[in-house]
Amino acid sequence: MRTQVVIIGGGPSGLLLGQLLHRRGIEAVVLERKTRDYVLGRIRAGVLETGLVKLMEEAGVADRLHGEGHVHDGTQIAVEGEMFHIDFKTLTGTPVIVYGQTEVTRDLYDARESVGARTEFNVDHVQIHGADSDAPSVTFTQNGHEVRLDCDFVAGCDGFHGISRQTIPLNVRREYEKTYPFGWLGVLSRTPPVHDELIYANSDRGFALCSMRNENLSRYYIQCALSDHPDDWTDAAFWSELKRRIPDSVAERLETGPSIEKSIAPLRSFVTEPMRWGRLFLCGDAAHIVPPTGAKGLNLAASDVHYLYHGLRQYYEDGDSEGIDRYSERALLRVWKAERFSWWFSGLLHRYPDQSPFDLKMQQADIAFLRDNRAQQQAFAENYVGLPY
């Protein structure tokens with residue numbers, strides 16, 4: 001069998017790329033290791049930059065996003081029991097939209113199914129062949145049978161543990177990584193959000209974040225030790241610790257309830273270079289990981305999709321390979337800026353085991369500068385709402 005583009009990975013980046021290509025008449029097959037229900041069962045953050053929203057509009061899947069998403073014109077930073085506001089709309093003219101990643105994925109699956117675009121689920125033993133040639137192919141097994149797909153290009157949207165990055169030889173790729181000495185304990189609860197904007201809190205007990213999914217579904221996080229396990233934390237212990245890390249005025253109106261999902265995520269910064277090898281292109285977590293502090297994971301994957309989609313359009317519609325030839329260069333330029341912001345924002349808010357009294361004073365001065373300096377607030381807002389593609 002043959003197609004123009006094979007997309008490995010049926011998460012939001014692979015689906016978005018597939019939908020955008022379909023609307024331009026470029027055929028793509030999506031390969032997903034799990035089932036649709038499994039993919040939609042994964043709980044992920046959902047702060048969407050304007051660039052991702054525009055891509056969803058171009059893909060024809062933004063109606064529910066605009067109908068149910070929550071426009072946020074700013075965010076709150078809490079420190080030493082006080083909060084200050086950073087106004088995205090005033091500083092940049094641009095808001096963000098809170099809309100769960102699960103819902104983004106659901107909208108893309110629905111759109112793909114409505115047009116009959118081909119998605120193969122429960123595929124195993126995926127292998128990429130001839131990526132450095134003019135005739136790449138992908139093989140996989142499904143229901144005990146081996147299938148081969150010949151194609152023009154392969155888009156690796158299969159995450160950090162996928163086969164795509166591993167296909168690039170070690171003597172070609174270079175990897176950069178920073179691991180953080182803590183994790184985030186996250187709790188999802190059927191409770192109304194404590195505030196109509198996200199609250200990022202720095203406290204002497206560690207970081208905390210108050211977030212939301214909708215009017216009746218909230219997501220809260222606290223910094224925890226990497227050695228912790230979710231079962232170590234009862235709901236009562238979590239709520240008690242969260243209240244200690246946020247301002248009293250917020251803690252007093254916090255509504256608590258049973259957790260419906262509880263997990264611990266380690267924090268990592270990771271980038272691989274290059275993001276292209278021959279006719280194989282890496283997108284999203286296959287190429288880079290950011291700490292969740294800056295809400296850049298999904299958005300950074302979307303910017304990769306933007307560059308690859310336009311490069312493939314240029315190739316198929318104009319016969320020009322300039323866009324795909326410069327894909328890695330263009331994508332990485334934005335990747336490293338987002339990595340810098342996520343690294344900096346994580347350093348601003350967390351407590352590190354080896355922080356000296358001097359380090360803490362520098363952190364406090366950095367927060368005070370953000371609070372008091374409009375230019376610093378504007379730089380923060382520009383990064384948070386998303387740098388231009």
# chains A, B, ... in the order shown; residues from 1 in each chain; ligands from 1
$ select_by_dssp --residues "region 168-282 of chain A" --states "alpha helix (DSSP H)" --output "list of chain:residue names"
A:Asp235, A:Ala236, A:Ala237, A:Phe238, A:Trp239, A:Ser240, A:Glu241, A:Leu242, A:Lys243, A:Arg244, A:Arg245, A:Asp248, A:Ser249, A:Val250, A:Ala251
$ closest_atom_pairs --of "region 23-117 of chain A" --to "region 242-263 of chain A" --cutoff "9 Å" --atoms "only C-alpha atoms" --output "Markdown table"
| residue | atom | partner | partner_atom | distance |
| --- | --- | --- | --- | --- |
| A:Ile43 | CA | A:Glu261 | CA | 8.5 |
| A:Ala78 | CA | A:Ile246 | CA | 6.9 |
| A:Val79 | CA | A:Pro247 | CA | 7.8 |
| A:Glu80 | CA | A:Pro247 | CA | 7.5 |
| A:Gly81 | CA | A:Pro247 | CA | 4.2 |
| A:Glu82 | CA | A:Pro247 | CA | 6.0 |
| A:Met83 | CA | A:Pro247 | CA | 7.5 |
$ closest_residue --among "A:Glu120, A:Arg374, A:Asp107, A:Ile8" --to "Thr35 (chain A)" --atoms "only C-alpha atoms"
A:Glu120
$ closest_residue --among "A:Leu40, A:Leu91, A:Val98, A:Cys210" --to "His66 (chain A)" --atoms "only C-alpha atoms"
A:Val98
$ select_by_dssp --residues "region 77-255 of chain A" --states "strand (DSSP E)" --output "VMD selection string"
chain A and resid 77 to 79 82 to 87 96 to 98 119 to 120 124 to 129 137 to 142 145 to 150 153 to 156 174 to 189 199 to 202 208 to 214 217 to 224
$ write_last_selection --atoms "C-alpha atoms" --output "PDB file, in the first residue's frame"
ATOM      1  CA  ILE A  77       1.509  34.960  40.528  1.00  0.00           C
ATOM      2  CA  ALA A  78       1.450  34.336  44.281  1.00  0.00           C
ATOM      3  CA  VAL A  79       4.402  34.809  46.627  1.00  0.00           C
ATOM      4  CA  GLU A  82       0.234  37.978  48.197  1.00  0.00           C
ATOM      5  CA  MET A  83      -0.787  37.856  44.534  1.00  0.00           C
ATOM      6  CA  PHE A  84      -0.108  40.058  41.551  1.00  0.00           C
ATOM      7  CA  HIS A  85      -1.684  39.953  38.113  1.00  0.00           C
ATOM      8  CA  ILE A  86      -0.015  39.824  34.692  1.00  0.00           C
ATOM      9  CA  ASP A  87      -2.429  41.117  32.073  1.00  0.00           C
ATOM     10  CA  VAL A  96      -4.804  32.243  25.917  1.00  0.00           C
ATOM     11  CA  ILE A  97      -7.666  29.733  25.891  1.00  0.00           C
ATOM     12  CA  VAL A  98      -8.073  27.018  28.514  1.00  0.00           C
ATOM     13  CA  THR A 119      -6.274   5.858  11.035  1.00  0.00           C
ATOM     14  CA  GLU A 120      -4.835   2.484  12.043  1.00  0.00           C
ATOM     15  CA  ASP A 124       2.732  -2.795  16.946  1.00  0.00           C
ATOM     16  CA  HIS A 125       6.381  -3.276  15.993  1.00  0.00           C
ATOM     17  CA  VAL A 126       6.466  -0.095  13.915  1.00  0.00           C
ATOM     18  CA  GLN A 127       9.687   0.247  11.919  1.00  0.00           C
ATOM     19  CA  ILE A 128      10.833   3.046   9.632  1.00  0.00           C
ATOM     20  CA  HIS A 129      12.863   1.984   6.592  1.00  0.00           C
ATOM     21  CA  SER A 137       8.498   3.003   4.022  1.00  0.00           C
ATOM     22  CA  VAL A 138       6.951   2.014   7.335  1.00  0.00           C
ATOM     23  CA  THR A 139       6.114  -1.513   8.432  1.00  0.00           C
ATOM     24  CA  PHE A 140       3.968  -2.572  11.382  1.00  0.00           C
ATOM     25  CA  THR A 141       1.977  -5.509  12.640  1.00  0.00           C
ATOM     26  CA  GLN A 142      -1.763  -5.374  13.235  1.00  0.00           C
ATOM     27  CA  HIS A 145      -0.372  -9.456  10.147  1.00  0.00           C
ATOM     28  CA  GLU A 146       2.558  -7.402   8.883  1.00  0.00           C
ATOM     29  CA  VAL A 147       1.660  -4.346   6.815  1.00  0.00           C
ATOM     30  CA  ARG A 148       3.951  -2.184   4.693  1.00  0.00           C
ATOM     31  CA  LEU A 149       3.230   1.424   3.748  1.00  0.00           C
ATOM     32  CA  ASP A 150       5.358   3.064   1.079  1.00  0.00           C
ATOM     33  CA  PHE A 153       7.629  11.289   3.988  1.00  0.00           C
ATOM     34  CA  VAL A 154       7.341  10.075   7.594  1.00  0.00           C
ATOM     35  CA  ALA A 155       6.237  12.358  10.452  1.00  0.00           C
ATOM     36  CA  GLY A 156       7.321  11.033  13.845  1.00  0.00           C
ATOM     37  CA  ARG A 174      22.676  15.097  19.564  1.00  0.00           C
ATOM     38  CA  GLU A 175      20.582  15.215  22.720  1.00  0.00           C
ATOM     39  CA  TYR A 176      20.441  17.879  25.422  1.00  0.00           C
ATOM     40  CA  GLU A 177      18.776  17.148  28.738  1.00  0.00           C
ATOM     41  CA  LYS A 178      18.176  18.570  32.191  1.00  0.00           C
ATOM     42  CA  THR A 179      16.332  16.621  34.868  1.00  0.00           C
ATOM     43  CA  TYR A 180      14.792  18.449  37.808  1.00  0.00           C
ATOM     44  CA  PRO A 181      15.100  17.202  41.405  1.00  0.00           C
ATOM     45  CA  PHE A 182      11.347  17.174  42.053  1.00  0.00           C
ATOM     46  CA  GLY A 183       8.011  16.288  40.487  1.00  0.00           C
ATOM     47  CA  TRP A 184       4.454  17.582  40.365  1.00  0.00           C
ATOM     48  CA  LEU A 185       1.704  15.808  42.268  1.00  0.00           C
ATOM     49  CA  GLY A 186      -1.505  16.566  40.368  1.00  0.00           C
ATOM     50  CA  VAL A 187      -5.094  16.085  41.489  1.00  0.00           C
ATOM     51  CA  LEU A 188      -8.223  16.354  39.348  1.00  0.00           C
ATOM     52  CA  SER A 189     -11.468  16.996  41.263  1.00  0.00           C
ATOM     53  CA  ILE A 199      -2.560  30.867  40.051  1.00  0.00           C
ATOM     54  CA  TYR A 200       1.166  30.064  40.072  1.00  0.00           C
ATOM     55  CA  ALA A 201       2.444  30.041  43.661  1.00  0.00           C
ATOM     56  CA  ASN A 202       5.945  30.257  45.091  1.00  0.00           C
ATOM     57  CA  ALA A 208       1.777  25.070  43.734  1.00  0.00           C
ATOM     58  CA  LEU A 209      -0.561  25.661  40.801  1.00  0.00           C
ATOM     59  CA  CYS A 210      -4.322  26.199  40.789  1.00  0.00           C
ATOM     60  CA  SER A 211      -5.757  25.401  37.364  1.00  0.00           C
ATOM     61  CA  MET A 212      -9.034  24.217  35.839  1.00  0.00           C
ATOM     62  CA  ARG A 213     -10.671  22.234  33.058  1.00  0.00           C
ATOM     63  CA  ASN A 214     -14.145  23.810  33.187  1.00  0.00           C
ATOM     64  CA  LEU A 217     -13.627  20.485  37.091  1.00  0.00           C
ATOM     65  CA  SER A 218     -10.398  21.699  38.684  1.00  0.00           C
ATOM     66  CA  ARG A 219      -6.777  20.646  38.416  1.00  0.00           C
ATOM     67  CA  TYR A 220      -4.318  21.382  41.221  1.00  0.00           C
ATOM     68  CA  TYR A 221      -0.607  20.648  41.556  1.00  0.00           C
ATOM     69  CA  ILE A 222       2.036  20.776  44.274  1.00  0.00           C
ATOM     70  CA  GLN A 223       5.764  20.255  44.034  1.00  0.00           C
ATOM     71  CA  CYS A 224       6.785  16.939  45.587  1.00  0.00           C
TER      72      CYS A 224
END
$ closest_residue --among "A:His195, A:Arg23, A:Leu17, A:Ala338" --to "Glu382 (chain A)" --atoms "only C-alpha atoms"
A:Ala338
$ atom_distance --atom1 "CA of Tyr99 (chain A)" --atom2 "CA of Leu65 (chain A)"
6.6 Å
$ atom_distance --atom1 "CA of Leu21 (chain A)" --atom2 "CA of Ala131 (chain A)"
20.2 Å
$ closest_residue --among "A:Val6, A:Val290, A:Ala302, A:Leu52" --to "Leu31 (chain A)" --atoms "only C-alpha atoms"
A:Val6
$ decode --residues "region 60-110 of chain A" --atoms "C-alpha atoms" --output "compact mmCIF listing (two decimals), in the first residue's frame"
# COMPACT_ATOMS: atom_id res chain seq x y z
CA GLY A 60 -11.81 23.19 10.67
CA VAL A 61 -12.06 21.87 14.24
CA ALA A 62 -12.34 25.00 16.38
CA ASP A 63 -16.12 25.33 16.84
CA ARG A 64 -16.32 23.50 20.17
CA LEU A 65 -13.07 25.08 21.32
CA HIS A 66 -14.56 28.55 20.87
CA GLY A 67 -17.89 27.49 22.34
CA GLU A 68 -16.58 25.75 25.46
CA GLY A 69 -13.06 27.07 25.97
CA HIS A 70 -12.30 29.71 28.57
CA VAL A 71 -10.52 32.85 27.40
CA HIS A 72 -7.88 33.97 29.91
CA ASP A 73 -6.62 37.53 29.62
CA GLY A 74 -3.94 37.04 32.26
CA THR A 75 -2.59 34.97 35.12
CA GLN A 76 -1.87 35.34 38.83
CA ILE A 77 1.51 34.96 40.53
CA ALA A 78 1.45 34.34 44.28
CA VAL A 79 4.40 34.81 46.63
CA GLU A 80 4.66 35.32 50.38
CA GLY A 81 0.89 35.24 50.78
CA GLU A 82 0.23 37.98 48.20
CA MET A 83 -0.79 37.86 44.53
CA PHE A 84 -0.11 40.06 41.55
CA HIS A 85 -1.68 39.95 38.11
CA ILE A 86 -0.01 39.82 34.69
CA ASP A 87 -2.43 41.12 32.07
CA PHE A 88 -1.80 39.34 28.77
CA LYS A 89 -4.46 41.28 26.88
CA THR A 90 -3.10 44.69 27.89
CA LEU A 91 0.55 43.75 27.42
CA THR A 92 0.28 41.79 24.15
CA GLY A 93 -3.28 42.18 22.86
CA THR A 94 -3.55 38.39 22.98
CA PRO A 95 -5.17 36.00 25.48
CA VAL A 96 -4.80 32.24 25.92
CA ILE A 97 -7.67 29.73 25.89
CA VAL A 98 -8.07 27.02 28.51
CA TYR A 99 -9.44 23.95 26.73
CA GLY A 100 -8.39 20.45 27.71
CA GLN A 101 -5.93 18.57 25.54
CA THR A 102 -8.27 15.59 25.69
CA GLU A 103 -10.97 17.73 24.06
CA VAL A 104 -8.54 18.92 21.38
CA THR A 105 -7.75 15.29 20.61
CA ARG A 106 -11.43 14.31 20.60
CA ASP A 107 -12.29 17.09 18.14
CA LEU A 108 -9.49 16.00 15.82
CA TYR A 109 -10.52 12.33 15.94
CA ASP A 110 -14.13 13.26 15.22
